[in-house]
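K.L.:
My structure is stored as start_13.txt, with compact mmCIF, C-alpha atoms and all ligand atoms.
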```
# COMPACT_ATOMS: atom_id res chain seq x y z
CA MET A 1 -210.97 -31.87 -37.76
CA SER A 2 -210.10 -31.94 -41.42
CA VAL A 3 -212.09 -29.79 -43.77
CA PRO A 4 -211.91 -30.69 -47.46
CA GLY A 5 -210.33 -27.95 -49.50
CA SER A 6 -209.44 -25.83 -46.50
CA THR A 7 -205.75 -25.79 -47.35
CA LEU A 8 -206.63 -23.71 -50.38
CA LEU A 9 -208.07 -20.99 -48.19
CA PRO A 10 -206.07 -18.23 -46.54
CA ARG A 11 -205.17 -18.97 -42.96
CA GLU A 12 -203.50 -15.73 -41.92
CA PRO A 13 -204.83 -14.43 -38.62
CA ILE A 14 -207.08 -11.41 -38.74
CA ARG A 15 -205.28 -8.34 -37.41
CA THR A 16 -207.62 -5.88 -35.84
CA THR A 17 -207.30 -2.14 -35.31
CA ARG A 18 -207.88 -2.95 -31.64
CA ILE A 19 -204.27 -3.92 -31.13
CA ALA A 20 -202.66 -1.17 -33.22
CA GLU A 21 -200.82 1.68 -31.50
CA ALA A 22 -202.79 4.90 -31.26
CA LYS A 23 -201.03 7.67 -33.14
CA THR A 24 -203.16 10.74 -33.62
CA PRO A 25 -206.23 11.93 -31.72
CA ALA A 26 -208.29 11.08 -34.80
CA GLU A 27 -206.98 7.54 -34.81
CA GLU A 28 -207.23 7.34 -31.08
CA GLU A 29 -210.92 7.94 -31.38
CA TYR A 30 -211.22 4.50 -32.86
CA GLN A 31 -208.95 2.82 -30.32
CA LEU A 32 -211.84 1.60 -28.27
CA ASN A 33 -210.40 -1.15 -26.19
CA PRO A 34 -212.52 -2.43 -23.34
CA TRP A 35 -211.64 -5.91 -24.59
CA LYS A 36 -207.91 -5.49 -24.08
CA ASP A 37 -207.79 -8.69 -22.07
CA ALA A 38 -209.27 -10.74 -24.87
CA THR A 39 -206.76 -12.87 -26.72
CA ASP A 40 -206.50 -12.62 -30.51
CA GLU A 41 -207.98 -16.08 -30.66
CA GLU A 42 -211.02 -14.96 -28.70
CA TRP A 43 -211.42 -11.81 -30.77
CA GLU A 44 -211.37 -13.81 -33.99
CA ASP A 45 -213.89 -16.33 -32.64
CA TRP A 46 -217.42 -15.49 -33.77
CA ARG A 47 -218.96 -17.16 -30.73
CA TRP A 48 -216.86 -14.95 -28.45
CA GLN A 49 -217.99 -11.92 -30.46
CA LEU A 50 -221.64 -12.98 -30.04
CA ARG A 51 -221.29 -13.73 -26.33
CA ASN A 52 -219.69 -10.33 -25.79
CA ARG A 53 -222.25 -8.30 -27.68
CA ILE A 54 -223.06 -4.96 -26.09
CA THR A 55 -226.69 -4.83 -25.06
CA LYS A 56 -226.83 -2.39 -22.14
CA ALA A 57 -226.31 1.35 -21.64
CA GLU A 58 -223.72 0.76 -18.88
CA GLN A 59 -221.52 -1.18 -21.30
CA LEU A 60 -221.86 1.46 -23.98
CA LYS A 61 -221.01 4.23 -21.54
CA LEU A 62 -217.58 2.66 -21.05
CA LEU A 63 -217.08 2.67 -24.77
CA LEU A 64 -218.56 5.87 -26.16
CA ASN A 65 -219.11 9.37 -24.86
CA LEU A 66 -222.88 9.16 -24.77
CA ASN A 67 -225.06 12.19 -24.23
CA ASP A 68 -228.00 12.01 -21.79
CA GLU A 69 -230.46 11.54 -24.59
CA GLU A 70 -228.60 8.51 -25.91
CA VAL A 71 -228.42 6.94 -22.46
CA ALA A 72 -232.14 7.50 -21.96
CA ALA A 73 -232.96 6.01 -25.37
CA ILE A 74 -230.99 2.86 -24.67
CA ASP A 75 -232.56 2.47 -21.25
CA VAL A 76 -236.12 2.86 -22.49
CA SER A 77 -235.59 0.75 -25.60
CA LYS A 78 -235.73 -2.35 -23.40
CA GLY A 79 -238.80 -4.33 -24.26
CA ARG A 80 -239.01 -2.68 -27.66
CA MET A 81 -236.57 -3.61 -30.36
CA ALA A 82 -233.46 -5.19 -28.89
CA THR A 83 -230.09 -3.46 -28.92
CA ALA A 84 -227.03 -5.58 -29.63
CA ILE A 85 -223.64 -4.64 -31.06
CA THR A 86 -220.71 -6.97 -31.67
CA PRO A 87 -217.39 -5.79 -30.20
CA TYR A 88 -216.01 -5.86 -33.75
CA PHE A 89 -218.74 -3.53 -35.08
CA ALA A 90 -218.35 -1.25 -32.05
CA THR A 91 -214.69 -0.67 -32.97
CA LEU A 92 -215.90 1.00 -36.17
CA MET A 93 -217.84 3.61 -34.19
CA SER A 94 -216.68 7.10 -33.38
CA ARG A 95 -216.32 7.54 -29.64
CA THR A 96 -217.38 11.17 -29.70
CA ASP A 97 -219.60 11.81 -32.72
CA PRO A 98 -223.28 10.90 -32.23
CA ASN A 99 -223.74 11.34 -35.99
CA CYS A 100 -221.16 8.66 -36.82
CA PRO A 101 -222.83 6.54 -39.54
CA ILE A 102 -221.98 3.26 -37.83
CA ARG A 103 -223.17 4.51 -34.46
CA ARG A 104 -226.47 5.81 -35.82
CA GLN A 105 -227.33 2.45 -37.36
CA ALA A 106 -227.02 0.52 -34.13
CA LEU A 107 -227.68 2.88 -31.19
CA PRO A 108 -231.29 3.53 -30.30
CA THR A 109 -232.39 7.16 -30.12
CA LEU A 110 -235.46 8.80 -28.64
CA GLU A 111 -236.62 9.54 -32.20
CA GLU A 112 -237.60 5.87 -32.43
CA PHE A 113 -240.42 6.55 -30.03
CA HIS A 114 -242.03 8.95 -32.46
CA VAL A 115 -244.69 7.08 -34.40
CA SER A 116 -245.75 8.83 -37.58
CA PRO A 117 -249.31 8.38 -38.88
CA HIS A 118 -247.87 6.53 -41.89
CA ASP A 119 -245.87 4.01 -39.88
CA LEU A 120 -246.88 0.38 -40.18
CA LEU A 121 -246.17 -2.57 -37.93
CA ASP A 122 -245.68 -4.89 -40.91
CA PRO A 123 -244.76 -2.41 -43.66
CA CYS A 124 -244.60 -4.91 -46.52
CA ALA A 125 -247.54 -7.04 -45.34
CA GLU A 126 -245.35 -10.09 -44.98
CA ASP A 127 -247.65 -11.67 -42.40
CA GLU A 128 -250.58 -11.52 -44.85
CA ASN A 129 -248.50 -13.32 -47.47
CA SER A 130 -247.42 -16.07 -45.11
CA PRO A 131 -249.05 -19.41 -45.98
CA VAL A 132 -247.26 -21.20 -43.10
CA PRO A 133 -245.19 -19.77 -40.21
CA GLY A 134 -241.71 -18.68 -41.25
CA LEU A 135 -242.53 -18.48 -44.96
CA VAL A 136 -243.44 -15.42 -47.05
CA HIS A 137 -244.81 -16.23 -50.50
CA ARG A 138 -245.36 -13.06 -52.51
CA TYR A 139 -243.98 -13.72 -55.99
CA PRO A 140 -245.21 -16.92 -57.69
CA ASP A 141 -241.79 -18.46 -58.30
CA ARG A 142 -239.86 -17.62 -55.12
CA VAL A 143 -240.29 -17.64 -51.37
CA LEU A 144 -238.68 -16.09 -48.35
CA LEU A 145 -237.87 -18.57 -45.56
CA LEU A 146 -237.26 -16.87 -42.19
CA VAL A 147 -235.11 -19.20 -40.10
CA THR A 148 -234.26 -17.08 -37.06
CA ASP A 149 -235.13 -13.73 -35.49
CA LYS A 150 -231.59 -13.18 -34.20
CA CYS A 151 -229.02 -10.78 -35.72
CA ALA A 152 -225.42 -10.01 -34.77
CA VAL A 153 -226.19 -6.28 -34.65
CA TYR A 154 -229.73 -4.87 -34.65
CA CYS A 155 -230.23 -2.12 -37.22
CA ARG A 156 -232.48 0.57 -35.83
CA TYR A 157 -234.22 0.94 -39.19
CA CYS A 158 -235.03 -2.77 -39.58
CA THR A 159 -238.15 -3.40 -41.64
CA ARG A 160 -238.79 -6.58 -39.62
CA ARG A 161 -238.33 -4.86 -36.30
CA ARG A 162 -241.71 -6.21 -35.25
CA ILE A 163 -240.06 -9.64 -34.97
CA VAL A 164 -236.28 -9.42 -34.95
CA GLY A 165 -234.55 -9.82 -31.62
CA SER A 166 -237.75 -10.68 -29.81
CA SER A 167 -236.81 -14.22 -28.86
CA GLU A 168 -233.38 -14.77 -30.48
CA ASN A 169 -234.67 -18.23 -31.38
CA CYS A 170 -234.50 -20.12 -34.62
CA ILE A 171 -237.29 -21.84 -36.48
CA LYS A 172 -238.65 -24.94 -34.77
CA GLU A 173 -238.15 -28.27 -36.46
CA ASP A 174 -241.88 -28.88 -37.03
CA GLU A 175 -242.32 -25.38 -38.48
CA LEU A 176 -239.38 -25.95 -40.79
CA ASP A 177 -240.88 -29.23 -41.96
CA GLU A 178 -244.20 -27.51 -42.59
CA ALA A 179 -242.44 -24.82 -44.65
CA ILE A 180 -240.51 -27.45 -46.62
CA GLY A 181 -243.80 -29.32 -47.15
CA TYR A 182 -245.32 -26.15 -48.62
CA ILE A 183 -242.33 -25.66 -50.95
CA GLN A 184 -242.56 -29.31 -52.01
CA ALA A 185 -246.26 -29.00 -52.75
CA THR A 186 -245.86 -25.71 -54.66
CA LYS A 187 -244.18 -26.70 -57.91
CA LYS A 188 -243.84 -23.12 -59.14
CA ILE A 189 -241.27 -22.28 -56.46
CA ARG A 190 -237.83 -22.37 -58.10
CA ASP A 191 -235.93 -19.99 -55.79
CA VAL A 192 -235.78 -20.09 -51.98
CA LEU A 193 -234.41 -17.08 -50.17
CA ILE A 194 -233.25 -17.95 -46.66
CA SER A 195 -233.35 -14.91 -44.40
CA GLY A 196 -234.37 -13.84 -40.90
CA GLY A 197 -232.97 -12.30 -38.66
CA ASP A 198 -229.66 -13.59 -39.87
CA PRO A 199 -229.34 -17.20 -41.07
CA LEU A 200 -225.56 -17.13 -40.69
CA LEU A 201 -225.97 -17.00 -36.91
CA LEU A 202 -227.09 -20.63 -37.00
CA GLU A 203 -224.42 -23.21 -36.29
CA ASP A 204 -222.93 -24.78 -39.44
CA ASP A 205 -224.65 -28.13 -38.92
CA HIS A 206 -228.04 -26.56 -38.28
CA LEU A 207 -227.82 -24.35 -41.37
CA GLU A 208 -226.64 -27.35 -43.35
CA ARG A 209 -229.69 -29.38 -42.30
CA ILE A 210 -231.93 -26.58 -43.57
CA LEU A 211 -230.00 -26.21 -46.85
CA ALA A 212 -230.09 -29.97 -47.41
CA LYS A 213 -233.86 -30.08 -46.91
CA VAL A 214 -234.44 -27.17 -49.30
CA ARG A 215 -232.03 -28.62 -51.88
CA LYS A 216 -233.80 -31.99 -51.82
CA VAL A 217 -236.90 -30.42 -53.36
CA PRO A 218 -236.46 -31.22 -57.08
CA HIS A 219 -238.04 -28.03 -58.46
CA VAL A 220 -235.91 -25.68 -56.35
CA GLU A 221 -233.30 -24.43 -58.82
CA MET A 222 -231.40 -22.04 -56.60
CA VAL A 223 -230.98 -21.02 -52.99
CA ARG A 224 -230.15 -17.57 -51.69
CA ILE A 225 -229.02 -16.44 -48.26
CA GLY A 226 -229.78 -12.89 -47.10
CA THR A 227 -227.36 -11.77 -44.39
CA ARG A 228 -225.62 -8.85 -42.73
CA VAL A 229 -223.11 -11.04 -40.87
CA PRO A 230 -220.19 -10.71 -43.34
CA ALA A 231 -220.27 -6.98 -42.45
CA THR A 232 -221.17 -6.99 -38.74
CA LEU A 233 -219.56 -10.26 -37.63
CA PRO A 234 -217.00 -11.10 -40.33
CA GLN A 235 -215.39 -13.63 -37.97
CA ARG A 236 -218.37 -15.90 -38.65
CA ILE A 237 -217.17 -16.52 -42.21
CA THR A 238 -214.85 -19.44 -41.54
CA PRO A 239 -213.30 -21.94 -43.97
CA ALA A 240 -215.56 -24.61 -42.45
CA LEU A 241 -218.69 -22.53 -43.13
CA VAL A 242 -217.81 -21.78 -46.75
CA ASN A 243 -216.84 -25.40 -47.40
CA MET A 244 -220.26 -26.42 -46.16
CA LEU A 245 -222.07 -23.74 -48.21
CA ARG A 246 -220.30 -24.61 -51.46
CA LYS A 247 -221.87 -28.08 -51.36
CA TYR A 248 -225.26 -26.51 -52.01
CA HIS A 249 -224.59 -24.65 -55.25
CA PRO A 250 -226.11 -22.80 -57.00
CA LEU A 251 -226.12 -20.77 -53.80
CA TRP A 252 -226.21 -16.99 -54.01
CA MET A 253 -225.80 -14.49 -51.22
CA SER A 254 -227.20 -10.99 -50.66
CA ILE A 255 -225.18 -9.05 -48.12
CA HIS A 256 -226.57 -5.99 -46.36
CA PHE A 257 -224.12 -3.05 -46.33
CA SER A 258 -224.88 0.54 -45.37
CA HIS A 259 -221.69 2.56 -45.47
CA PRO A 260 -218.20 2.44 -47.03
CA LYS A 261 -216.69 2.46 -43.52
CA GLU A 262 -218.03 -1.06 -43.12
CA VAL A 263 -215.66 -2.39 -45.75
CA THR A 264 -212.69 -3.16 -43.50
CA LYS A 265 -209.89 -5.64 -43.94
CA GLU A 266 -211.86 -8.19 -41.92
CA VAL A 267 -214.81 -7.73 -44.28
CA ARG A 268 -212.54 -7.98 -47.32
CA ARG A 269 -211.41 -11.32 -45.94
CA SER A 270 -214.94 -12.59 -45.20
CA CYS A 271 -216.23 -11.68 -48.67
CA GLY A 272 -213.06 -13.06 -50.25
CA LEU A 273 -213.66 -16.46 -48.66
CA LEU A 274 -217.27 -16.50 -49.88
CA ALA A 275 -216.36 -15.37 -53.40
CA ASP A 276 -213.53 -17.92 -53.60
CA ALA A 277 -216.11 -20.60 -52.78
CA GLY A 278 -217.94 -19.60 -55.96
CA ILE A 279 -220.83 -17.89 -54.19
CA PRO A 280 -222.07 -14.96 -56.28
CA LEU A 281 -222.34 -12.00 -53.91
CA GLY A 282 -224.84 -9.15 -54.21
CA SER A 283 -225.44 -6.20 -51.92
CA GLN A 284 -228.55 -4.69 -50.38
CA THR A 285 -228.45 -1.19 -48.93
CA VAL A 286 -231.19 0.76 -47.22
CA LEU A 287 -231.14 4.48 -48.08
CA LEU A 288 -230.78 6.24 -44.72
CA ARG A 289 -231.03 9.92 -43.95
CA GLY A 290 -227.75 11.36 -42.69
CA ILE A 291 -225.99 8.00 -43.07
CA ASN A 292 -225.66 7.21 -46.78
CA ASP A 293 -227.99 9.68 -48.51
CA LYS A 294 -225.23 11.55 -50.37
CA PRO A 295 -224.31 10.41 -53.91
CA SER A 296 -220.60 10.63 -53.04
CA ILE A 297 -220.99 8.25 -50.08
CA MET A 298 -223.12 5.80 -52.03
CA LYS A 299 -220.65 5.86 -54.91
CA ARG A 300 -217.78 5.13 -52.54
CA LEU A 301 -219.74 2.24 -51.03
CA MET A 302 -220.50 0.77 -54.47
CA HIS A 303 -216.83 1.03 -55.48
CA GLU A 304 -215.68 -0.58 -52.23
CA LEU A 305 -218.15 -3.42 -52.82
CA LEU A 306 -216.91 -4.10 -56.36
CA LYS A 307 -213.36 -4.23 -54.97
CA ILE A 308 -214.42 -7.10 -52.69
CA ARG A 309 -216.38 -8.83 -55.49
CA VAL A 310 -219.82 -7.87 -54.23
CA ARG A 311 -222.10 -6.76 -57.06
CA PRO A 312 -224.44 -3.92 -55.98
CA TYR A 313 -227.97 -5.35 -56.23
CA TYR A 314 -230.54 -3.16 -54.50
CA ILE A 315 -230.80 0.21 -52.80
CA TYR A 316 -234.05 0.21 -50.84
CA GLN A 317 -236.20 3.17 -50.01
CA CYS A 318 -236.54 2.96 -46.21
CA ASP A 319 -239.77 1.11 -45.39
CA LEU A 320 -242.55 2.57 -43.27
CA ALA A 321 -241.59 0.51 -40.21
CA MET A 322 -242.68 1.86 -36.80
CA GLY A 323 -240.46 4.59 -35.41
CA THR A 324 -238.16 4.85 -38.43
CA GLU A 325 -239.40 8.12 -39.94
CA HIS A 326 -236.20 9.93 -38.96
CA PHE A 327 -234.23 7.57 -41.21
CA ARG A 328 -236.36 8.16 -44.30
CA THR A 329 -235.50 10.47 -47.19
CA PRO A 330 -237.66 11.70 -50.04
CA ILE A 331 -237.70 9.24 -52.95
CA ALA A 332 -236.04 11.89 -55.14
CA VAL A 333 -232.87 11.41 -53.06
CA GLY A 334 -232.59 7.79 -54.22
CA ILE A 335 -233.38 8.65 -57.83
CA ASN A 336 -230.68 11.33 -57.77
CA ILE A 337 -228.17 8.82 -56.43
CA ILE A 338 -228.85 6.52 -59.40
CA GLU A 339 -228.62 9.55 -61.74
CA LYS A 340 -225.15 10.31 -60.30
CA LEU A 341 -224.01 6.70 -60.77
CA ARG A 342 -225.38 5.56 -64.14
CA GLY A 343 -222.93 6.46 -66.88
CA HIS A 344 -220.63 8.21 -64.44
CA THR A 345 -219.09 4.99 -63.21
CA THR A 346 -218.81 1.25 -63.92
CA GLY A 347 -222.17 -0.19 -64.88
CA TYR A 348 -221.70 -2.98 -62.34
CA ALA A 349 -221.59 -0.32 -59.61
CA VAL A 350 -225.18 0.73 -60.34
CA PRO A 351 -227.82 -1.15 -58.32
CA SER A 352 -231.60 -0.86 -58.78
CA PHE A 353 -233.32 1.61 -56.50
CA VAL A 354 -236.57 0.00 -55.31
CA ILE A 355 -239.52 0.73 -53.07
CA ASP A 356 -240.95 -2.32 -51.35
CA ALA A 357 -244.59 -1.37 -51.76
CA PRO A 358 -246.47 -0.81 -48.51
CA GLY A 359 -249.22 -3.39 -48.25
CA GLY A 360 -247.30 -6.09 -50.07
CA GLY A 361 -246.94 -5.14 -53.75
CA GLY A 362 -243.33 -6.26 -53.91
CA LYS A 363 -240.30 -4.30 -55.00
CA ILE A 364 -241.00 -1.49 -57.44
CA PRO A 365 -238.02 0.03 -59.26
CA VAL A 366 -237.83 3.79 -59.60
CA GLY A 367 -235.10 5.72 -61.33
CA PRO A 368 -234.16 8.57 -63.61
CA THR A 369 -236.05 8.85 -66.90
CA TYR A 370 -233.90 8.72 -70.00
CA LEU A 371 -236.71 8.48 -72.55
CA ILE A 372 -237.81 12.08 -73.20
CA SER A 373 -240.49 11.49 -75.82
CA GLN A 374 -241.69 9.05 -78.45
CA ASP A 375 -243.57 9.81 -81.61
CA LYS A 376 -244.21 7.32 -84.48
CA GLY A 377 -241.22 5.28 -83.41
CA LYS A 378 -238.96 8.30 -83.07
CA MET A 379 -237.52 7.85 -79.62
CA VAL A 380 -235.90 10.90 -78.05
CA LEU A 381 -233.41 9.99 -75.37
CA ARG A 382 -230.98 11.79 -73.16
CA ASN A 383 -227.71 10.39 -71.90
CA TYR A 384 -226.04 10.72 -68.48
CA GLN A 385 -224.61 14.11 -69.50
CA GLY A 386 -227.99 15.45 -70.57
CA LYS A 387 -227.16 15.30 -74.29
CA VAL A 388 -230.14 14.47 -76.48
CA PHE A 389 -230.18 11.62 -79.03
CA GLU A 390 -232.74 10.12 -81.39
CA TYR A 391 -233.37 6.47 -82.12
CA GLN A 392 -235.74 5.39 -84.87
CA GLU A 393 -237.59 2.20 -84.06
CA PRO A 394 -238.15 -0.38 -86.80
CA GLY A 395 -241.50 -0.67 -88.52
CA ALA A 396 -242.36 3.00 -88.37
CA VAL A 397 -243.51 4.77 -91.53
CA ASP A 398 -241.48 7.84 -92.46
CA SER A 399 -243.58 10.67 -93.83
C1 LIG A 401 -237.36 -9.25 -51.78
C2 LIG A 401 -238.22 -10.40 -51.74
C3 LIG A 401 -238.00 -11.50 -52.61
C4 LIG A 401 -236.87 -11.53 -53.60
O1 LIG A 401 -236.97 -10.54 -54.56
P1 LIG A 401 -235.92 -10.43 -55.75
O2 LIG A 401 -236.28 -9.19 -56.49
O3 LIG A 401 -236.06 -11.68 -56.56
O4 LIG A 401 -234.58 -10.36 -55.13
C5 LIG A 401 -238.86 -12.56 -52.52
N1 LIG A 401 -239.90 -12.55 -51.67
C6 LIG A 401 -240.14 -11.53 -50.84
C7 LIG A 401 -241.29 -11.58 -49.93
C8 LIG A 401 -239.29 -10.42 -50.85
O5 LIG A 401 -239.53 -9.39 -50.02
S1 LIG A 402 -229.53 -7.37 -40.12
FE1 LIG A 402 -231.43 -7.25 -41.32
S2 LIG A 402 -232.95 -8.39 -40.12
FE2 LIG A 402 -231.24 -7.93 -38.75
S3 LIG A 402 -231.77 -6.00 -37.75
FE3 LIG A 402 -230.56 -5.47 -39.54
S4 LIG A 402 -232.07 -5.09 -41.17
FE4 LIG A 402 -233.12 -6.25 -39.53
```
Could you render the structure from this file as structure tokens?
Ligand SMILES: *Cc1c(COP(=O)(O)O)cnc(C)c1O
Ligand code: SF4

P.N.:
Amino acid sequence: MSVPGSTLLPREPIRTTRIAEAKTPAEEEYQLNPWKDATDEEWEDWRWQLRNRITKAEQLKLLLNLNDEEVAAIDVSKGRMATAITPYFATLMSRTDPNCPIRRQALPTLEEFHVSPHDLLDPCAEDENSPVPGLVHRYPDRVLLLVTDKCAVYCRYCTRRRIVGSSENCIKEDELDEAIGYIQATKKIRDVLISGGDPLLLEDDHLERILAKVRKVPHVEMVRIGTRVPATLPQRITPALVNMLRKYHPLWMSIHFSHPKEVTKEVRRSCGLLADAGIPLGSQTVLLRGINDKPSIMKRLMHELLKIRVRPYYIYQCDLAMGTEHFRTPIAVGINIIEKLRGHTTGYAVPSFVIDAPGGGGKIPVGPTYLISQDKGKMVLRNYQGKVFEYQEPGAVDS
């Protein structure tokens, strides 16, 4: 098969830590190798990675030193939100530390069974704002099109945990046509955000059929894809995929990242391919207690993202999804993270911190206050160091 433009793209095989020699006990901790019989070709094949996802406690027990509580949580999580971990993502986990940030994102715990009185099944009231199945229309000029409920790895804090992983099916053809019909009939929609689940788990030709249908609507000015796959299944980002995507420009991508440890050489390659195809990349990060709630960790993540040409876009306050209270921090934690970024580092490294309003109000930005007071156009401001400055607005009368 010949793919136009593919000769311009790097072809070097992906080397994984899996095949490196263990050197120190610390390094050895990450030498998880139950897939030692897999060939490099298999390991680099996204379909192999998906087929070999870890979904059961018995498989995890071979891989990690689980405590009894973790085993119990995985066993009882059946029938609730699915557990699935790609072999690639599992190699980023600590074998021994239950507080490993990668491990905590993907392994169920008994804390998930605690339902707080504030928890909501549909925290952002997406179902109420759904004019047709698979479509969420909250803001006048843009819609969210949910094309699958399947993800490569299920995040325990998922805001859409009421639906993700339940069937691992993608949108039916007649539902898709109904959604496209709605977009066609609603002239104000200029931006279509394709999400899920994870749209990049669809086969290239299937995703292309959806993109082509969306693109054919004359008033749709731009398309966005929301995905976590470049971080959890970087093997999925192939030259063939990016060559297909680049035909549908302007196409933007928001990639979900949680921790600087996720930015590996495989991820650098996957984001490099996307960026080289002219796809502007933004990041979305959920603020998670004990995982990324320290300014130093968040700053490292933002710097790692800029290095791979991903522009930090949003940090989200963790939604009130069922059984996720243990992941939530006070809002002040997020505001303090922005305080520690703005002015202290590259402006591009500073995302917006937002709360997706419970009940469906949309994303509300919150952040440090730099305007101290205003009086007859005399604006008193403080900078990132706390130094105070005055700015006189035009049109004010001096007395
Ligand atoms: C987040 C979201 C969007 C996109 O919001 P932006 O701020 O434009 O990125 C659109 N619709 C829904 C329902 C959303 O939750
Ligand atoms: S990748 Fe997104 S949709 Fe999938 S489980 Fe994680 S947060 Fe939910």

K.L.:
For ligand LIG 401 (chain A), which residue out of A:Leu110, A:Cys100, A:Val192, A:Ile308 is the nearest one, using all atoms listed in the file?

P.N.:
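Closest to ligand LIG 401 (chain A), using all atoms listed in the file: A:Val192.
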
K.L.:
Per residue of chain A within 8 Å of ligand LIG 401 (chain A), which atom pair is closest and at what distance in Å (one decimal), using all atoms listed in the file, listed by chain and increasing number, as JSON lines?

P.N.:
```
{"residue": "A:Cys124", "atom": "CA", "partner": "A:LIG401", "partner_atom": "O5", "distance": 7.6}
{"residue": "A:Glu126", "atom": "CA", "partner": "A:LIG401", "partner_atom": "C7", "distance": 6.6}
{"residue": "A:Asn129", "atom": "CA", "partner": "A:LIG401", "partner_atom": "C7", "distance": 7.8}
{"residue": "A:Val136", "atom": "CA", "partner": "A:LIG401", "partner_atom": "C7", "distance": 5.3}
{"residue": "A:His137", "atom": "CA", "partner": "A:LIG401", "partner_atom": "C7", "distance": 5.9}
{"residue": "A:Arg138", "atom": "CA", "partner": "A:LIG401", "partner_atom": "C7", "distance": 5.0}
{"residue": "A:Tyr139", "atom": "CA", "partner": "A:LIG401", "partner_atom": "N1", "distance": 6.1}
{"residue": "A:Arg142", "atom": "CA", "partner": "A:LIG401", "partner_atom": "C5", "distance": 5.8}
{"residue": "A:Val143", "atom": "CA", "partner": "A:LIG401", "partner_atom": "N1", "distance": 5.1}
{"residue": "A:Leu144", "atom": "CA", "partner": "A:LIG401", "partner_atom": "N1", "distance": 5.0}
{"residue": "A:Leu193", "atom": "CA", "partner": "A:LIG401", "partner_atom": "C5", "distance": 6.8}
{"residue": "A:Asp356", "atom": "CA", "partner": "A:LIG401", "partner_atom": "O5", "distance": 7.3}
{"residue": "A:Gly362", "atom": "CA", "partner": "A:LIG401", "partner_atom": "O5", "distance": 6.3}
{"residue": "A:Lys363", "atom": "CA", "partner": "A:LIG401", "partner_atom": "O2", "distance": 6.5}
```

K.L.:
Please report as a tab-separated table every residue of chain A lying within 7 Å of ligand LIG 402 (chain A), along with the nearest atom pair and their distance in Å (one decimal), using only C-alpha atoms and all ligand atoms.

P.N.:
```
residue	atom	partner	partner_atom	distance
A:Lys150	CA	A:LIG402	FE2	7.0
A:Cys151	CA	A:LIG402	FE2	4.7
A:Val153	CA	A:LIG402	S3	6.4
A:Tyr154	CA	A:LIG402	S3	3.9
A:Cys155	CA	A:LIG402	FE3	4.1
A:Arg156	CA	A:LIG402	S3	6.9
A:Tyr157	CA	A:LIG402	S4	6.7
A:Cys158	CA	A:LIG402	FE4	4.0
A:Thr159	CA	A:LIG402	FE4	6.2
A:Arg160	CA	A:LIG402	FE4	5.7
A:Arg161	CA	A:LIG402	FE4	6.3
A:Val164	CA	A:LIG402	S2	6.2
A:Gly196	CA	A:LIG402	S2	5.7
A:Gly197	CA	A:LIG402	S2	4.2
A:Asp198	CA	A:LIG402	FE2	6.0
A:Thr227	CA	A:LIG402	S1	6.5
A:Arg228	CA	A:LIG402	S1	4.9
```

K.L.:
Contacts of Pro123 (chain A) at 9 Å or less, counting only C-alpha atoms, minus same-chain residues fewer than 6 places along, as a list of chain:residue names?

P.N.:
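Counting only C-alpha atoms, the residues come to A:Thr159, A:Arg160, A:Asp319, A:Leu320, A:Ala321, A:Met322, A:Asp356, A:Ala357, A:Pro358, A:Gly359, A:Gly360.
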
K.L.:
Using only C-alpha atoms, determine which residues lie at most 7 Å from region 86-96 of chain A, disregarding the query and same-chain residues fewer than 3 positions distant; provide the list as a short mmCIF file (atom, residue, chain, number, x, y, z; two decimals) with C-alpha atoms, in the coordinates of the input.

P.N.:
```cif
data_model
loop_
_atom_site.label_atom_id
_atom_site.label_comp_id
_atom_site.auth_asym_id
_atom_site.auth_seq_id
_atom_site.Cartn_x
_atom_site.Cartn_y
_atom_site.Cartn_z
CA GLU A 29 -210.92 7.94 -31.38
CA TYR A 30 -211.22 4.50 -32.86
CA LEU A 32 -211.84 1.60 -28.27
CA GLN A 49 -217.99 -11.92 -30.46
CA LEU A 50 -221.64 -12.98 -30.04
CA ASN A 52 -219.69 -10.33 -25.79
CA ARG A 53 -222.25 -8.30 -27.68
CA ILE A 54 -223.06 -4.96 -26.09
CA LEU A 63 -217.08 2.67 -24.77
CA LEU A 64 -218.56 5.87 -26.16
CA ASN A 65 -219.11 9.37 -24.86
CA CYS A 100 -221.16 8.66 -36.82
CA ILE A 102 -221.98 3.26 -37.83
CA ARG A 103 -223.17 4.51 -34.46
CA ALA A 152 -225.42 -10.01 -34.77
CA VAL A 153 -226.19 -6.28 -34.65
CA THR A 232 -221.17 -6.99 -38.74
CA LEU A 233 -219.56 -10.26 -37.63
#
```

K.L.:
Compare A:Ala231, A:Lys247, A:Gly361, A:Leu287 by their minimum atom-to-atom distance to Lys265 (chain A), counting all atoms listed in the file, and give me the closest one.

P.N.:
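Residue with the minimum atom-to-atom distance to Lys265 (chain A): A:Ala231.
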
K.L.:
I want to know what sits within 8 Å of Pro280 (chain A), based on only C-alpha atoms, with residues of the same chain fewer than 2 positions away left out; could you give that as a list in words?

P.N.:
Leu251, Trp252, Met253, Ala275, Gly278, Gly282 and Val310 of chain A

K.L.:
Go through A:Asp149, A:Ala73, A:Glu58, A:Tyr391 and flag the residue nearest Lys376 (chain A), using all atoms listed in the file for the distances.

P.N.:
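Among the listed residues, A:Tyr391 lies closest to Lys376 (chain A).
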
K.L.:
Skip Pro295 (chain A) itself and residues of its chain fewer than 2 positions away, then list as a ChimeraX atom specification all residues within 8 Å of it, counting all atoms listed in the file.

P.N.:
/A:292-293,297-299,336-337,340-341

K.L.:
At what distance in Å, to one decimal, does CA of Pro230 (chain A) lie from CA of Pro199 (chain A)?

P.N.:
11.4 Å
